[in-house]
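Remarks on the structure that follows.
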Amino acid sequence: LSIFMDKSNVHLVARLSCVALNLPGLWLDAQAGRVEENYKTDFQYGHYAENRDRMQVDIFEAALSTPIGRSMTGAVNVVRDSISGASPMFNIKDVKNQPKQVLSGATIFEQRDAVSAGLSYFFDKAALNFGGGFSREHDYTSRYINSQLSWDFNSKLTTLNIGGSVAFDEIEPTGYSYKRSKTSQQYLFGLTQVIDQNSLVQSNVTFAYNRGFLSDPYKLVFFERVGIRPDTRPEHKFQWSWLTQYVRHFKDLNDAALHIDYRYYLDDWDVHAHTAELSWHQPIVNDWQIIPRLRYYSQDKAAFYQPYFRA
């Protein structure tokens, strides 16, 4: 269970398909746990590129989990991601009265190094996790702590998940003389229900409250007859998300599994988003598997957003 808060232009990394690498993300996730019986290590790499070399993203992630006695598990996760390319700065009106995006003249390069650690203690019908982490870029620092409780009841066919986290971020943008900060709180309430020996459903509700500097210091806004002004956003943001997942196991198909997910998101900036995903997990040989995935996503704009403004 982890959380990472980052500035909006680097959040592109989390929005890409590389999010499947389980990088620390914006939302808490409830996950079933058990005591690790052996040391376990993982390494993953992801690469994303747009045509004309507009944007490239590389992500490296390494993880280690280890048993501690009979009832505890420790875990450490290390991430390095980098993003390079032309950065969108603001929009203007072209000769056809359509918004035209203006990119930075020079290629930007951002690199983030992050480390997180967690300790889980397992009871007979419950599991308690404590964790925290640190993330650093040349102009952005994030520190966070989190905790989650999972409790099994109904003959262990039902699991209740409760979690919370808080992050403290500092922004010191390049080329500016100021330093800003923001605080983010997140809380999760979830329920997992085993339907039968081959299927289960999980539903989580997550609330978040952000306060402080929520603007992007590297973004600008164009006003007709006035010119360019700095990006300015409200200093408070409340977010709500509902995620429901259904998983069906097919033993006769070499232990394949069907995953159906739906997520609804809204915030008090009047942003609404829908995400629906259908995936098939097909094991083939020697722990290899093929996962075809179909995903649909839609999102409204914030109430105050305009490509450019008329003065």
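Ordering of the structure tokens sets the chain letters (A, B, ...), residue numbers begin anew at 1 in every chain, and ligands are numbered from 1 in the order given.
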For Asn77 (chain A): contacts at 9 Å, only C-alpha atoms, fewer than 6 positions along chain excluded, given as a PDB file with N, CA and C atoms, in the first residue's frame:
```
ATOM      1  N   GLU A  61      11.906  -0.289 -12.060  1.00  0.00           N
ATOM      2  CA  GLU A  61      11.375  -0.570 -10.728  1.00  0.00           C
ATOM      3  C   GLU A  61      11.953  -1.878 -10.206  1.00  0.00           C
ATOM      4  N   ALA A  62      12.396  -1.865  -8.959  1.00  0.00           N
ATOM      5  CA  ALA A  62      12.896  -3.069  -8.289  1.00  0.00           C
ATOM      6  C   ALA A  62      12.199  -3.198  -6.942  1.00  0.00           C
ATOM      7  N   ALA A  63      11.852  -4.433  -6.574  1.00  0.00           N
ATOM      8  CA  ALA A  63      11.130  -4.667  -5.328  1.00  0.00           C
ATOM      9  C   ALA A  63      11.689  -5.893  -4.624  1.00  0.00           C
ATOM     10  N   LEU A  64      11.675  -5.838  -3.298  1.00  0.00           N
ATOM     11  CA  LEU A  64      12.131  -6.953  -2.475  1.00  0.00           C
ATOM     12  C   LEU A  64      11.159  -7.131  -1.315  1.00  0.00           C
ATOM     13  N   SER A  65      10.721  -8.365  -1.091  1.00  0.00           N
ATOM     14  CA  SER A  65       9.907  -8.684   0.075  1.00  0.00           C
ATOM     15  C   SER A  65      10.513  -9.896   0.768  1.00  0.00           C
ATOM     16  N   ALA A 114      12.625   7.317  -6.229  1.00  0.00           N
ATOM     17  CA  ALA A 114      11.708   7.120  -5.118  1.00  0.00           C
ATOM     18  C   ALA A 114      11.998   5.796  -4.434  1.00  0.00           C
ATOM     19  N   VAL A 115      11.805   5.781  -3.131  1.00  0.00           N
ATOM     20  CA  VAL A 115      11.951   4.554  -2.353  1.00  0.00           C
ATOM     21  C   VAL A 115      10.810   4.491  -1.348  1.00  0.00           C
ATOM     22  N   SER A 116      10.240   3.311  -1.191  1.00  0.00           N
ATOM     23  CA  SER A 116       9.169   3.116  -0.216  1.00  0.00           C
ATOM     24  C   SER A 116       9.414   1.806   0.512  1.00  0.00           C
ATOM     25  N   ALA A 117       8.902   1.724   1.715  1.00  0.00           N
ATOM     26  CA  ALA A 117       9.087   0.523   2.529  1.00  0.00           C
ATOM     27  C   ALA A 117       7.823   0.287   3.340  1.00  0.00           C
ATOM     28  N   GLY A 118       7.569  -0.982   3.646  1.00  0.00           N
ATOM     29  CA  GLY A 118       6.382  -1.315   4.418  1.00  0.00           C
ATOM     30  C   GLY A 118       6.606  -2.533   5.288  1.00  0.00           C
TER      31      GLY A 118
END
```
- Message: According to DSSP computed on the backbone, where in region 132-210 of chain A is there strand (DSSP E or B)? Give the residues as a PyMOL selection string.
- Response: chain A and resi 132-136+140-153+158-171+180-196+199-210
- How many Å lie between CA of Ser142 (chain A) and CA of Leu243 (chain A), rounded to one decimal?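 Computed distance, CA of Ser142 (chain A) to CA of Leu243 (chain A), equals 25.7 Å.
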- Go through A:Gly74, A:Gly227, A:Gly132, A:Gly212 one by one, measure the shortest atom-to-atom distance of each to Lys182 (chain A) using only C-alpha atoms, and give the residue with the smallest value. A:Gly212
- Item | Polymer residues at most 6 Å from Thr183 (chain A), only C-alpha atoms, same-chain spacing of 6 or more positions, as a list in words | Ala167, Phe168, Asn210 and Arg211 of chain A
Those same residues - all heavy atoms - I'd like them written as a compact mmCIF listing (two decimals), in the first residue's frame.
```txt
# COMPACT_ATOMS: atom_id res chain seq x y z
N ALA A 167 0.57 12.82 2.74
CA ALA A 167 1.79 13.17 2.02
C ALA A 167 2.10 14.65 2.22
O ALA A 167 1.19 15.49 2.24
CB ALA A 167 1.64 12.87 0.53
N PHE A 168 3.38 14.96 2.35
CA PHE A 168 3.86 16.32 2.52
C PHE A 168 4.83 16.62 1.37
O PHE A 168 5.89 16.01 1.27
CB PHE A 168 4.57 16.49 3.86
CG PHE A 168 3.72 16.06 5.04
CD1 PHE A 168 3.80 14.77 5.54
CD2 PHE A 168 2.83 16.94 5.63
CE1 PHE A 168 3.03 14.36 6.61
CE2 PHE A 168 2.05 16.55 6.70
CZ PHE A 168 2.15 15.26 7.20
N ASN A 210 -6.73 17.61 -0.84
CA ASN A 210 -5.44 18.23 -1.11
C ASN A 210 -5.52 19.72 -0.77
O ASN A 210 -6.50 20.39 -1.12
CB ASN A 210 -5.07 18.07 -2.59
CG ASN A 210 -5.17 16.63 -3.05
OD1 ASN A 210 -4.32 15.81 -2.73
ND2 ASN A 210 -6.21 16.32 -3.80
N ARG A 211 -4.48 20.22 -0.15
CA ARG A 211 -4.47 21.63 0.26
C ARG A 211 -3.07 22.21 0.06
O ARG A 211 -2.08 21.57 0.40
CB ARG A 211 -4.87 21.77 1.71
CG ARG A 211 -4.90 23.21 2.22
CD ARG A 211 -5.35 23.28 3.65
NE ARG A 211 -5.42 24.66 4.12
CZ ARG A 211 -5.80 25.02 5.35
NH1 ARG A 211 -6.16 24.09 6.22
NH2 ARG A 211 -5.81 26.30 5.68
```
- Find the distance between CA of Ser71 (chain A) and CA of His249 (chain A) and write it in Å to one decimal.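 Computed distance, CA of Ser71 (chain A) to CA of His249 (chain A), equals 28.5 Å.
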- Determine the nearest neighbour of Pro230 (chain A) from the options A:Tyr121, A:Phe250, A:Tyr176, A:Phe109, counting only C-alpha atoms. A:Tyr176
- Query: So how far away is CA of Thr159 (chain A) from CA of Gly131 (chain A), in Å?
  - Reply: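 So the two atoms, CA of Gly131 (chain A) and CA of Thr159 (chain A), lie 20.6 Å apart.
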- Message: Taking only C-alpha atoms into account, name the residue in A:Ile228, A:Ser241, A:Ser215, A:Pro292 that is nearest to Tyr187 (chain A).
- Response: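 Looking at the shortest contact to Tyr187 (chain A), the residue is A:Ser241.
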- Considering only C-alpha atoms, return as a PyMOL selection string whatever protein or nucleic-acid residues lie within 7 Å of Leu160 (chain A), sequence-local ones (same chain, fewer than 3 positions apart) excluded. chain A and resi 150-152+190-192
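The residue set within 10 Å of region 198-203 of chain A, counting only C-alpha atoms and dropping same-chain residues fewer than 6 places from it, reads Ala30, Gln31, Leu157, Thr158, Thr159, Leu160, Asn161, Phe189, Gly190, Leu191, Thr192, Trp242, Leu243, Thr244, Gln245, Tyr246, Val247, Arg248, His249, Phe250, Lys251, Ala257, Leu258, His259, Ile260, Asp261, Tyr262 and Arg263 of chain A.
All residues of protein, DNA or RNA that reach within 10 Å of Tyr296 (chain A), judged by only C-alpha atoms and not counting those fewer than 2 positions away in the chain, are Tyr262, His274, Thr275, Ala276, Glu277, Leu278, Leu294 and Ser298 of chain A.
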